[in-house]
file model.json (JSON, C-alpha atoms)
[["chain", "number", "residue", "atom", "x", "y", "z"],
["F", 116, "MET", "CA", 18.24, 1.08, 10.86],
["F", 117, "LEU", "CA", 20.53, -1.93, 11.02],
["F", 118, "PRO", "CA", 19.16, -5.31, 12.13],
["F", 119, "CYS", "CA", 20.19, -7.12, 15.27],
["F", 120, "VAL", "CA", 22.68, -9.96, 14.81],
["F", 121, "LYS", "CA", 22.39, -13.50, 16.07],
["F", 122, "VAL", "CA", 25.53, -15.63, 15.90],
["F", 123, "CYS", "CA", 24.50, -19.26, 16.04],
["F", 124, "GLY", "CA", 26.41, -22.47, 16.69],
["F", 125, "ILE", "CA", 28.37, -21.08, 19.63],
["F", 126, "THR", "CA", 30.33, -23.80, 21.41],
["F", 127, "HIS", "CA", 33.08, -21.88, 23.23],
["F", 128, "HIS", "CA", 32.97, -18.94, 25.63],
["F", 129, "ASP", "CA", 35.73, -17.10, 23.73],
["F", 130, "ASP", "CA", 33.50, -17.02, 20.65],
["F", 131, "ALA", "CA", 30.62, -15.78, 22.79],
["F", 132, "HIS", "CA", 32.71, -12.93, 24.20],
["F", 133, "ARG", "CA", 34.00, -11.93, 20.76],
["F", 134, "SER", "CA", 30.54, -12.02, 19.22],
["F", 135, "VAL", "CA", 29.08, -9.76, 21.88],
["F", 136, "ALA", "CA", 32.06, -7.39, 21.73],
["F", 137, "LEU", "CA", 31.54, -7.00, 17.98],
["F", 138, "GLY", "CA", 27.84, -6.28, 18.34],
["F", 139, "ALA", "CA", 25.85, -9.53, 18.43],
["F", 140, "SER", "CA", 22.80, -9.36, 20.68],
["F", 141, "MET", "CA", 21.80, -13.04, 20.48],
["F", 142, "LEU", "CA", 23.90, -16.21, 20.56],
["F", 143, "GLY", "CA", 22.61, -19.59, 19.46],
["F", 144, "ILE", "CA", 23.36, -22.98, 21.02],
["F", 145, "VAL", "CA", 22.42, -26.03, 18.95],
["F", 146, "PHE", "CA", 20.72, -28.97, 20.67],
["F", 147, "ALA", "CA", 20.12, -31.02, 17.51],
["F", 148, "PRO", "CA", 22.18, -34.18, 18.22],
["F", 149, "HIS", "CA", 23.43, -34.68, 14.66],
["F", 150, "SER", "CA", 24.77, -31.15, 14.30],
["F", 151, "PRO", "CA", 28.57, -30.71, 14.39],
["F", 152, "ARG", "CA", 27.92, -27.82, 16.78],
["F", 153, "TYR", "CA", 25.76, -29.79, 19.21],
["F", 154, "LEU", "CA", 26.16, -29.17, 22.93],
["F", 155, "SER", "CA", 24.68, -31.18, 25.77],
["F", 156, "PRO", "CA", 22.56, -29.28, 28.31],
["F", 157, "GLU", "CA", 25.42, -29.45, 30.81],
["F", 158, "GLU", "CA", 27.94, -28.12, 28.29],
["F", 159, "ALA", "CA", 25.52, -25.36, 27.37],
["F", 160, "ARG", "CA", 25.08, -24.36, 31.01],
["F", 161, "ALA", "CA", 28.85, -24.07, 31.45],
["F", 162, "LEU", "CA", 29.07, -21.98, 28.29],
["F", 163, "VAL", "CA", 26.29, -19.62, 29.37],
["F", 164, "GLN", "CA", 27.84, -19.16, 32.81],
["F", 165, "ALA", "CA", 31.25, -18.31, 31.30],
["F", 166, "SER", "CA", 29.83, -15.85, 28.75],
["F", 167, "PRO", "CA", 28.86, -12.16, 28.97],
["F", 168, "SER", "CA", 25.76, -11.62, 31.08],
["F", 169, "SER", "CA", 24.36, -9.36, 28.36],
["F", 170, "ALA", "CA", 24.21, -12.22, 25.86],
["F", 171, "ALA", "CA", 20.73, -13.56, 25.13],
["F", 172, "PHE", "CA", 21.29, -17.26, 24.50],
["F", 173, "VAL", "CA", 18.86, -18.99, 22.17],
["F", 174, "GLY", "CA", 18.54, -22.78, 22.13],
["F", 175, "VAL", "CA", 17.98, -24.36, 18.71],
["F", 176, "PHE", "CA", 15.79, -27.48, 18.77],
["F", 177, "VAL", "CA", 14.46, -29.79, 16.07],
["F", 178, "ASP", "CA", 11.12, -31.52, 16.75],
["F", 179, "GLU", "CA", 11.63, -31.99, 20.47],
["F", 180, "ALA", "CA", 8.70, -32.35, 22.86],
["F", 181, "PRO", "CA", 7.80, -29.13, 24.72],
["F", 182, "ARG", "CA", 8.71, -30.65, 28.06],
["F", 183, "ILE", "CA", 12.20, -31.54, 26.83],
["F", 184, "VAL", "CA", 12.73, -28.11, 25.27],
["F", 185, "LEU", "CA", 11.71, -26.30, 28.45],
["F", 186, "ASP", "CA", 13.70, -28.64, 30.72],
["F", 187, "ILE", "CA", 16.87, -28.11, 28.69],
["F", 188, "ALA", "CA", 16.25, -24.36, 28.55],
["F", 189, "LYS", "CA", 16.01, -24.24, 32.33],
["F", 190, "VAL", "CA", 19.16, -26.31, 32.86],
["F", 191, "ALA", "CA", 21.18, -24.28, 30.35],
["F", 192, "GLY", "CA", 19.86, -20.86, 31.34],
["F", 193, "LEU", "CA", 18.46, -19.94, 27.93],
["F", 194, "LYS", "CA", 16.58, -16.69, 27.27],
["F", 195, "LYS", "CA", 14.75, -17.94, 24.14],
["F", 196, "VAL", "CA", 14.30, -21.04, 22.03],
["F", 197, "GLN", "CA", 14.29, -21.55, 18.27],
["F", 198, "LEU", "CA", 12.11, -24.31, 16.84],
["F", 199, "GLN", "CA", 13.75, -25.48, 13.66],
["F", 200, "GLY", "CA", 11.72, -28.56, 12.77],
["F", 201, "SER", "CA", 8.11, -29.41, 11.90],
["F", 202, "GLU", "CA", 6.63, -28.18, 15.16],
["F", 203, "THR", "CA", 2.89, -27.54, 15.12],
["F", 204, "PRO", "CA", 1.29, -24.21, 16.03],
["F", 205, "GLU", "CA", 0.02, -25.87, 19.22],
["F", 206, "THR", "CA", 3.54, -26.95, 20.20],
["F", 207, "CYS", "CA", 4.87, -23.45, 19.59],
["F", 208, "ARG", "CA", 2.03, -21.93, 21.60],
["F", 209, "GLU", "CA", 2.76, -24.24, 24.54],
["F", 210, "ILE", "CA", 6.46, -23.44, 24.57],
["F", 211, "ASN", "CA", 5.99, -19.72, 23.94],
["F", 212, "SER", "CA", 3.66, -19.46, 26.93],
["F", 213, "VAL", "CA", 6.68, -20.24, 29.12],
["F", 214, "LEU", "CA", 9.68, -18.97, 27.14],
["F", 215, "PRO", "CA", 9.87, -16.77, 24.01],
["F", 216, "ALA", "CA", 9.93, -19.02, 20.95],
["F", 217, "ILE", "CA", 11.17, -18.33, 17.43],
["F", 218, "LYS", "CA", 9.60, -20.49, 14.71],
["F", 219, "ALA", "CA", 11.87, -21.31, 11.79],
["F", 220, "PHE", "CA", 10.55, -22.00, 8.29],
["F", 221, "ARG", "CA", 12.48, -23.79, 5.55],
["F", 222, "VAL", "CA", 11.91, -22.00, 2.26],
["F", 223, "ASP", "CA", 11.59, -24.90, -0.17],
["F", 224, "ARG", "CA", 9.03, -26.13, -2.69],
["F", 225, "LYS", "CA", 6.74, -27.46, 0.05],
["F", 226, "PHE", "CA", 6.82, -24.09, 1.78],
["F", 227, "LEU", "CA", 5.92, -22.31, -1.45],
["F", 228, "GLU", "CA", 2.80, -24.46, -1.75],
["F", 229, "ASP", "CA", 1.53, -22.89, 1.47],
["F", 230, "PRO", "CA", 2.99, -19.37, 1.78],
["F", 231, "GLN", "CA", 0.38, -18.40, 4.37],
["F", 232, "GLN", "CA", 1.63, -20.87, 6.97],
["F", 233, "PRO", "CA", 3.52, -18.27, 9.05],
["F", 234, "GLU", "CA", 0.14, -16.72, 9.87],
["F", 235, "ARG", "CA", -0.75, -19.90, 11.76],
["F", 236, "TYR", "CA", 2.25, -19.39, 14.05],
["F", 237, "MET", "CA", 1.22, -16.14, 15.70],
["F", 238, "HIS", "CA", 1.91, -17.45, 19.21],
["F", 239, "THR", "CA", 5.65, -16.99, 18.76],
["F", 240, "GLU", "CA", 8.08, -14.14, 19.28],
["F", 241, "ALA", "CA", 9.47, -14.08, 15.73],
["F", 242, "HIS", "CA", 9.61, -15.96, 12.42],
["F", 243, "LEU", "CA", 12.92, -17.14, 10.97],
["F", 244, "PHE", "CA", 13.38, -17.96, 7.29],
["F", 245, "ASP", "CA", 16.15, -20.31, 6.20],
["F", 246, "SER", "CA", 16.89, -22.45, 3.17],
["F", 247, "LYS", "CA", 16.20, -26.15, 3.00],
["F", 248, "ALA", "CA", 19.05, -28.65, 2.62],
["F", 249, "ASP", "CA", 18.37, -32.38, 2.55],
["F", 250, "GLY", "CA", 19.77, -34.35, 5.44],
["F", 251, "ILE", "CA", 20.75, -31.29, 7.48],
["F", 252, "GLU", "CA", 19.21, -30.45, 10.83],
["F", 253, "GLY", "CA", 19.41, -26.88, 11.98],
["F", 254, "GLY", "CA", 20.79, -24.20, 9.69],
["F", 255, "SER", "CA", 21.70, -25.09, 6.12],
["F", 256, "GLY", "CA", 24.34, -22.44, 5.46],
["F", 257, "GLN", "CA", 22.88, -22.00, 1.97],
["F", 258, "GLN", "CA", 21.25, -18.93, 0.49],
["F", 259, "PHE", "CA", 17.72, -19.04, -0.89],
["F", 260, "ASP", "CA", 15.93, -16.68, -3.28],
["F", 261, "TRP", "CA", 15.04, -13.76, -1.03],
["F", 262, "ARG", "CA", 12.45, -12.49, -3.51],
["F", 263, "ILE", "CA", 10.19, -15.30, -2.29],
["F", 264, "LEU", "CA", 9.63, -13.42, 0.97],
["F", 265, "GLU", "CA", 7.97, -10.56, -0.88],
["F", 266, "ASN", "CA", 4.84, -12.72, -0.99],
["F", 267, "ILE", "CA", 5.03, -13.92, 2.62],
["F", 268, "PRO", "CA", 2.98, -11.99, 5.19],
["F", 269, "ARG", "CA", 5.20, -10.06, 7.63],
["F", 270, "CYS", "CA", 3.13, -10.86, 10.70],
["F", 271, "LYS", "CA", 5.99, -11.15, 13.20],
["F", 272, "PRO", "CA", 9.53, -9.77, 13.48],
["F", 273, "ARG", "CA", 11.50, -11.35, 10.66],
["F", 274, "ILE", "CA", 14.82, -13.17, 11.08],
["F", 275, "LEU", "CA", 16.81, -13.96, 7.95],
["F", 276, "ALA", "CA", 19.22, -16.91, 7.85],
["F", 277, "GLY", "CA", 20.88, -19.06, 5.23],
["F", 278, "GLY", "CA", 24.30, -18.36, 3.78],
["F", 279, "LEU", "CA", 24.61, -14.76, 4.94],
["F", 280, "ASN", "CA", 28.13, -13.34, 4.85],
["F", 281, "GLU", "CA", 30.13, -10.17, 4.35],
["F", 282, "HIS", "CA", 29.66, -10.33, 0.58],
["F", 283, "ASN", "CA", 25.87, -10.57, 0.40],
["F", 284, "ILE", "CA", 24.63, -8.88, 3.57],
["F", 285, "ALA", "CA", 24.00, -5.51, 1.90],
["F", 286, "ASP", "CA", 21.84, -7.14, -0.79],
["F", 287, "ALA", "CA", 20.03, -9.18, 1.86],
["F", 288, "LEU", "CA", 19.12, -6.10, 3.87],
["F", 289, "ALA", "CA", 17.85, -4.30, 0.79],
["F", 290, "ALA", "CA", 15.77, -7.25, -0.37],
["F", 291, "VAL", "CA", 14.29, -8.49, 2.89],
["F", 292, "ARG", "CA", 14.60, -5.69, 5.47],
["F", 293, "PRO", "CA", 14.99, -8.23, 8.29],
["F", 294, "ASP", "CA", 14.76, -7.33, 11.95],
["F", 295, "VAL", "CA", 17.50, -9.85, 12.77],
["F", 296, "VAL", "CA", 20.17, -11.57, 10.70],
["F", 297, "ASP", "CA", 21.36, -15.03, 11.75],
["F", 298, "LEU", "CA", 24.82, -16.37, 10.88],
["F", 299, "SER", "CA", 26.60, -19.59, 11.75],
["F", 300, "SER", "CA", 28.60, -21.63, 9.25],
["F", 301, "SER", "CA", 29.75, -18.58, 7.26],
["F", 302, "LEU", "CA", 31.65, -17.43, 10.36],
["F", 303, "ALA", "CA", 33.15, -20.82, 11.22],
["F", 304, "GLU", "CA", 36.80, -21.74, 11.06],
["F", 305, "ARG", "CA", 37.65, -23.80, 8.00],
["F", 306, "GLU", "CA", 39.53, -26.42, 10.02],
["F", 307, "ASN", "CA", 37.12, -26.55, 12.95],
["F", 308, "PRO", "CA", 33.40, -25.91, 12.27],
["F", 309, "ARG", "CA", 32.72, -25.76, 16.01],
["F", 310, "ARG", "CA", 34.71, -22.54, 16.40],
["F", 311, "LYS", "CA", 34.25, -19.07, 14.92],
["F", 312, "ASP", "CA", 36.86, -17.33, 12.80],
["F", 313, "PHE", "CA", 37.49, -13.98, 14.46],
["F", 314, "ASP", "CA", 38.74, -12.36, 11.24],
["F", 315, "LYS", "CA", 35.57, -13.39, 9.39],
["F", 316, "MET", "CA", 33.49, -12.02, 12.23],
["F", 317, "LYS", "CA", 35.30, -8.69, 12.23],
["F", 318, "ARG", "CA", 34.93, -8.31, 8.47],
["F", 319, "PHE", "CA", 31.22, -9.11, 8.60],
["F", 320, "PHE", "CA", 30.44, -6.61, 11.36],
["F", 321, "LYS", "CA", 32.52, -3.94, 9.64],
["F", 322, "VAL", "CA", 30.59, -4.39, 6.39],
["F", 323, "LEU", "CA", 27.29, -4.40, 8.30],
["F", 324, "GLU", "CA", 28.14, -1.17, 10.10],
["F", 325, "ASN", "CA", 28.92, 0.51, 6.79],
["F", 326, "THR", "CA", 25.77, -0.69, 5.04]]
call {"tool": "encode", "arguments": {"input": "model.json", "output": "structure tokens"}}
result
Amino acid sequence: MLPCVKVCGITHHDDAHRSVALGASMLGIVFAPHSPRYLSPEEARALVQASPSSAAFVGVFVDEAPRIVLDIAKVAGLKKVQLQGSETPETCREINSVLPAIKAFRVDRKFLEDPQQPERYMHTEAHLFDSKADGIEGGSGQQFDWRILENIPRCKPRILAGGLNEHNIADALAAVRPDVVDLSSSLAERENPRRKDFDKMKRFFKVLENT
């Protein structure tokens, strides 16, 4: 059974429509201010209103206070939130009690020192695993060693991120068996990282369908 697809870093309603038409079930909007794909809450609201009603928009936040996360989610009309920073289990519990929350984990040396930490984040909808890149908030766009996840408890639906593309998706599915795959920078236009390359998107979904 193929995983669901989340296309993250959406900034334009055309990219939202194309993503959904190709098969994406979740679309990510980045609220980390230093990201090249950042949108303000007002811009996000306009994007959500101009996009397919079937799209489940997920807001990506990095170490924001619960009140700010939930206020922005309400303004923008988000269906879920993704917590990409160093949020505590208590913070995740508070947010998840109001709106479904995905907790992201950066798979780096520090993470490997405490591979049981996902078990402390049970009050979330899902766990996302991404690579760690210094100085980058949000997704890194870099692949990590998927074999690491063999030793991580699968206690929630698993979302795989980090450098996924048409060339490695088959290996990723075989190695991790994720419930959701999350792509962003690998689908971006070379000249404009805020927009998605439709040809890249079509190739990825075609490969995924044939996997």
call {"tool": "atom_distance", "arguments": {"input": "model.json", "atom1": "CA of Glu202 (chain F)", "atom2": "CA of Ser150 (chain F)"}}
result
18.4 Å
call {"tool": "residues_near_point", "arguments": {"input": "model.json", "point": "(-5.9, -8.5, 14.5)", "cutoff": "12 Å", "atoms": "all atoms listed in the file", "output": "list of chain:residue names"}}
result
F:Glu234, F:Met237, F:Cys270
call {"tool": "closest_residue", "arguments": {"input": "model.json", "among": "F:Ile267, F:Ala188, F:Ile274, F:Ser168", "to": "Ala219 (chain F)", "atoms": "only C-alpha atoms"}}
result
F:Ile274
call {"tool": "residues_around", "arguments": {"input": "model.json", "residues": "Pro230 (chain F)", "least_positions_apart": "6", "cutoff": "9 Å", "atoms": "only C-alpha atoms", "output": "list in words"}}
result
Leu264, Asn266, Ile267 and Pro268 of chain F
call {"tool": "residues_around", "arguments": {"input": "model.json", "residues": "Arg292 (chain F)", "least_positions_apart": "4", "cutoff": "10 Å", "atoms": "all atoms listed in the file", "output": "list of chain:residue names"}}
result
F:Met116, F:Leu117, F:Pro118, F:Arg273, F:Ile274, F:Leu275, F:Asp286, F:Ala287, F:Leu288, F:Val296
call {"tool": "write_last_selection", "arguments": {"input": "model.json", "atoms": "C-alpha atoms", "output": "short mmCIF file (atom, residue, chain, number, x, y, z; two decimals), in the frame of the given file"}}
result
data_model
loop_
_atom_site.label_atom_id
_atom_site.label_comp_id
_atom_site.auth_asym_id
_atom_site.auth_seq_id
_atom_site.Cartn_x
_atom_site.Cartn_y
_atom_site.Cartn_z
CA MET F 116 18.24 1.08 10.86
CA LEU F 117 20.53 -1.93 11.02
CA PRO F 118 19.16 -5.31 12.13
CA ARG F 273 11.50 -11.35 10.66
CA ILE F 274 14.82 -13.17 11.08
CA LEU F 275 16.81 -13.96 7.95
CA ASP F 286 21.84 -7.14 -0.79
CA ALA F 287 20.03 -9.18 1.86
CA LEU F 288 19.12 -6.10 3.87
CA VAL F 296 20.17 -11.57 10.70
#
call {"tool": "atom_distance", "arguments": {"input": "model.json", "atom1": "CA of Val222 (chain F)", "atom2": "CA of Val135 (chain F)"}}
result
28.8 Å
call {"tool": "closest_residue", "arguments": {"input": "model.json", "among": "F:Pro156, F:Pro215, F:Gly278, F:Pro233", "to": "Lys195 (chain F)", "atoms": "only C-alpha atoms"}}
result
F:Pro215
call {"tool": "closest_residue", "arguments": {"input": "model.json", "among": "F:Asp229, F:Asp129, F:Glu306, F:Asp297", "to": "Phe244 (chain F)", "atoms": "all atoms listed in the file"}}
result
F:Asp297
call {"tool": "atom_distance", "arguments": {"input": "model.json", "atom1": "CA of Val120 (chain F)", "atom2": "CA of Ala276 (chain F)"}}
result
10.4 Å
call {"tool": "closest_residue", "arguments": {"input": "model.json", "among": "F:Ser301, F:Lys247, F:Val322, F:Val163", "to": "Ile284 (chain F)", "atoms": "all atoms listed in the file"}}
result
F:Val322
call {"tool": "residues_around", "arguments": {"input": "model.json", "residues": "Ile144 (chain F)", "least_positions_apart": "4", "cutoff": "8 Å", "atoms": "all atoms listed in the file", "output": "list of chain:residue names"}}
result
F:Cys123, F:Gly124, F:Ile125, F:Thr126, F:Arg152, F:Tyr153, F:Leu154, F:Ala159, F:Phe172, F:Val173, F:Gly174, F:Val175
call {"tool": "closest_residue", "arguments": {"input": "model.json", "among": "F:Asn283, F:Ser166, F:Gln232, F:Gln199", "to": "Ser134 (chain F)", "atoms": "only C-alpha atoms"}}
result
F:Ser166
call {"tool": "residues_near_point", "arguments": {"input": "model.json", "point": "(9.4, -27.5, 21.3)", "cutoff": "7 Å", "atoms": "all atoms listed in the file", "output": "ChimeraX atom specification"}}
result
/F:176,178-181,184,198,202,206-207,210
call {"tool": "write_last_selection", "arguments": {"input": "model.json", "atoms": "C-alpha atoms", "output": "tab-separated table (two decimals), in the coordinates of the input"}}
result
chain	number	residue	atom	x	y	z
F	176	PHE	CA	15.79	-27.48	18.77
F	178	ASP	CA	11.12	-31.52	16.75
F	179	GLU	CA	11.63	-31.99	20.47
F	180	ALA	CA	8.70	-32.35	22.86
F	181	PRO	CA	7.80	-29.13	24.72
F	184	VAL	CA	12.73	-28.11	25.27
F	198	LEU	CA	12.11	-24.31	16.84
F	202	GLU	CA	6.63	-28.18	15.16
F	206	THR	CA	3.54	-26.95	20.20
F	207	CYS	CA	4.87	-23.45	19.59
F	210	ILE	CA	6.46	-23.44	24.57
call {"tool": "closest_residue", "arguments": {"input": "model.json", "among": "F:His238, F:Cys119, F:His127, F:Ala216", "to": "Gln164 (chain F)", "atoms": "all atoms listed in the file"}}
result
F:His127
call {"tool": "residues_around", "arguments": {"input": "model.json", "residues": "Ser299 (chain F)", "least_positions_apart": "4", "cutoff": "10 Å", "atoms": "all atoms listed in the file", "output": "PyMOL selection string"}}
result
chain F and resi 121-125+142-143+152+254-256+276-280+303+308-311
call {"tool": "write_last_selection", "arguments": {"input": "model.json", "atoms": "C-alpha atoms", "output": "tab-separated table (two decimals), keeping the file's coordinate frame"}}
result
chain	number	residue	atom	x	y	z
F	121	LYS	CA	22.39	-13.50	16.07
F	122	VAL	CA	25.53	-15.63	15.90
F	123	CYS	CA	24.50	-19.26	16.04
F	124	GLY	CA	26.41	-22.47	16.69
F	125	ILE	CA	28.37	-21.08	19.63
F	142	LEU	CA	23.90	-16.21	20.56
F	143	GLY	CA	22.61	-19.59	19.46
F	152	ARG	CA	27.92	-27.82	16.78
F	254	GLY	CA	20.79	-24.20	9.69
F	255	SER	CA	21.70	-25.09	6.12
F	256	GLY	CA	24.34	-22.44	5.46
F	276	ALA	CA	19.22	-16.91	7.85
F	277	GLY	CA	20.88	-19.06	5.23
F	278	GLY	CA	24.30	-18.36	3.78
F	279	LEU	CA	24.61	-14.76	4.94
F	280	ASN	CA	28.13	-13.34	4.85
F	303	ALA	CA	33.15	-20.82	11.22
F	308	PRO	CA	33.40	-25.91	12.27
F	309	ARG	CA	32.72	-25.76	16.01
F	310	ARG	CA	34.71	-22.54	16.40
F	311	LYS	CA	34.25	-19.07	14.92
call {"tool": "decode", "arguments": {"input": "model.json", "residues": "region 191-214 of chain F", "atoms": "N, CA and C atoms", "output": "PDB file, in the first residue's frame"}}
result
ATOM      1  N   ALA F 191      -5.193  31.207   9.565  1.00  0.00           N
ATOM      2  CA  ALA F 191      -4.884  30.654   8.245  1.00  0.00           C
ATOM      3  C   ALA F 191      -5.859  29.576   7.805  1.00  0.00           C
ATOM      4  N   GLY F 192      -6.562  28.967   8.729  1.00  0.00           N
ATOM      5  CA  GLY F 192      -7.471  27.882   8.379  1.00  0.00           C
ATOM      6  C   GLY F 192      -6.762  26.549   8.210  1.00  0.00           C
ATOM      7  N   LEU F 193      -5.798  26.272   9.090  1.00  0.00           N
ATOM      8  CA  LEU F 193      -5.026  25.040   8.997  1.00  0.00           C
ATOM      9  C   LEU F 193      -5.796  23.857   9.564  1.00  0.00           C
ATOM     10  N   LYS F 194      -5.520  22.666   9.023  1.00  0.00           N
ATOM     11  CA  LYS F 194      -6.128  21.430   9.527  1.00  0.00           C
ATOM     12  C   LYS F 194      -5.225  20.742  10.547  1.00  0.00           C
ATOM     13  N   LYS F 195      -3.908  20.945  10.443  1.00  0.00           N
ATOM     14  CA  LYS F 195      -2.936  20.322  11.337  1.00  0.00           C
ATOM     15  C   LYS F 195      -1.754  21.269  11.497  1.00  0.00           C
ATOM     16  N   VAL F 196      -0.903  20.944  12.473  1.00  0.00           N
ATOM     17  CA  VAL F 196       0.344  21.681  12.625  1.00  0.00           C
ATOM     18  C   VAL F 196       1.496  20.691  12.741  1.00  0.00           C
ATOM     19  N   GLN F 197       2.661  21.129  12.328  1.00  0.00           N
ATOM     20  CA  GLN F 197       3.890  20.329  12.403  1.00  0.00           C
ATOM     21  C   GLN F 197       4.890  21.095  13.250  1.00  0.00           C
ATOM     22  N   LEU F 198       5.377  20.462  14.302  1.00  0.00           N
ATOM     23  CA  LEU F 198       6.274  21.112  15.252  1.00  0.00           C
ATOM     24  C   LEU F 198       7.682  20.639  14.975  1.00  0.00           C
ATOM     25  N   GLN F 199       8.489  21.521  14.398  1.00  0.00           N
ATOM     26  CA  GLN F 199       9.756  21.160  13.797  1.00  0.00           C
ATOM     27  C   GLN F 199      10.961  21.500  14.669  1.00  0.00           C
ATOM     28  N   GLY F 200      10.729  22.058  15.849  1.00  0.00           N
ATOM     29  CA  GLY F 200      11.836  22.503  16.675  1.00  0.00           C
ATOM     30  C   GLY F 200      12.103  21.596  17.860  1.00  0.00           C
ATOM     31  N   SER F 201      12.386  22.223  19.012  1.00  0.00           N
ATOM     32  CA  SER F 201      12.720  21.488  20.237  1.00  0.00           C
ATOM     33  C   SER F 201      11.549  21.496  21.206  1.00  0.00           C
ATOM     34  N   GLU F 202      10.357  21.435  20.691  1.00  0.00           N
ATOM     35  CA  GLU F 202       9.163  21.489  21.530  1.00  0.00           C
ATOM     36  C   GLU F 202       9.145  20.335  22.542  1.00  0.00           C
ATOM     37  N   THR F 203       8.685  20.619  23.737  1.00  0.00           N
ATOM     38  CA  THR F 203       8.600  19.608  24.780  1.00  0.00           C
ATOM     39  C   THR F 203       7.352  18.745  24.593  1.00  0.00           C
ATOM     40  N   PRO F 204       7.335  17.577  25.237  1.00  0.00           N
ATOM     41  CA  PRO F 204       6.104  16.775  25.202  1.00  0.00           C
ATOM     42  C   PRO F 204       4.894  17.541  25.722  1.00  0.00           C
ATOM     43  N   GLU F 205       5.096  18.384  26.727  1.00  0.00           N
ATOM     44  CA  GLU F 205       3.989  19.151  27.299  1.00  0.00           C
ATOM     45  C   GLU F 205       3.445  20.161  26.287  1.00  0.00           C
ATOM     46  N   THR F 206       4.352  20.810  25.554  1.00  0.00           N
ATOM     47  CA  THR F 206       3.913  21.748  24.516  1.00  0.00           C
ATOM     48  C   THR F 206       3.113  21.023  23.437  1.00  0.00           C
ATOM     49  N   CYS F 207       3.601  19.885  23.012  1.00  0.00           N
ATOM     50  CA  CYS F 207       2.898  19.109  21.985  1.00  0.00           C
ATOM     51  C   CYS F 207       1.530  18.657  22.471  1.00  0.00           C
ATOM     52  N   ARG F 208       1.477  18.231  23.731  1.00  0.00           N
ATOM     53  CA  ARG F 208       0.190  17.802  24.299  1.00  0.00           C
ATOM     54  C   ARG F 208      -0.816  18.953  24.294  1.00  0.00           C
ATOM     55  N   GLU F 209      -0.355  20.148  24.693  1.00  0.00           N
ATOM     56  CA  GLU F 209      -1.242  21.305  24.749  1.00  0.00           C
ATOM     57  C   GLU F 209      -1.787  21.657  23.370  1.00  0.00           C
ATOM     58  N   ILE F 210      -0.923  21.661  22.381  1.00  0.00           N
ATOM     59  CA  ILE F 210      -1.361  21.998  21.025  1.00  0.00           C
ATOM     60  C   ILE F 210      -2.251  20.901  20.460  1.00  0.00           C
ATOM     61  N   ASN F 211      -1.849  19.650  20.658  1.00  0.00           N
ATOM     62  CA  ASN F 211      -2.594  18.529  20.090  1.00  0.00           C
ATOM     63  C   ASN F 211      -3.984  18.386  20.693  1.00  0.00           C
ATOM     64  N   SER F 212      -4.195  18.941  21.873  1.00  0.00           N
ATOM     65  CA  SER F 212      -5.525  18.878  22.482  1.00  0.00           C
ATOM     66  C   SER F 212      -6.526  19.776  21.755  1.00  0.00           C
ATOM     67  N   VAL F 213      -5.998  20.701  20.941  1.00  0.00           N
ATOM     68  CA  VAL F 213      -6.850  21.619  20.184  1.00  0.00           C
ATOM     69  C   VAL F 213      -6.830  21.298  18.698  1.00  0.00           C
ATOM     70  N   LEU F 214      -5.654  20.979  18.169  1.00  0.00           N
ATOM     71  CA  LEU F 214      -5.479  20.742  16.739  1.00  0.00           C
ATOM     72  C   LEU F 214      -4.460  19.626  16.549  1.00  0.00           C
TER      73      LEU F 214
END
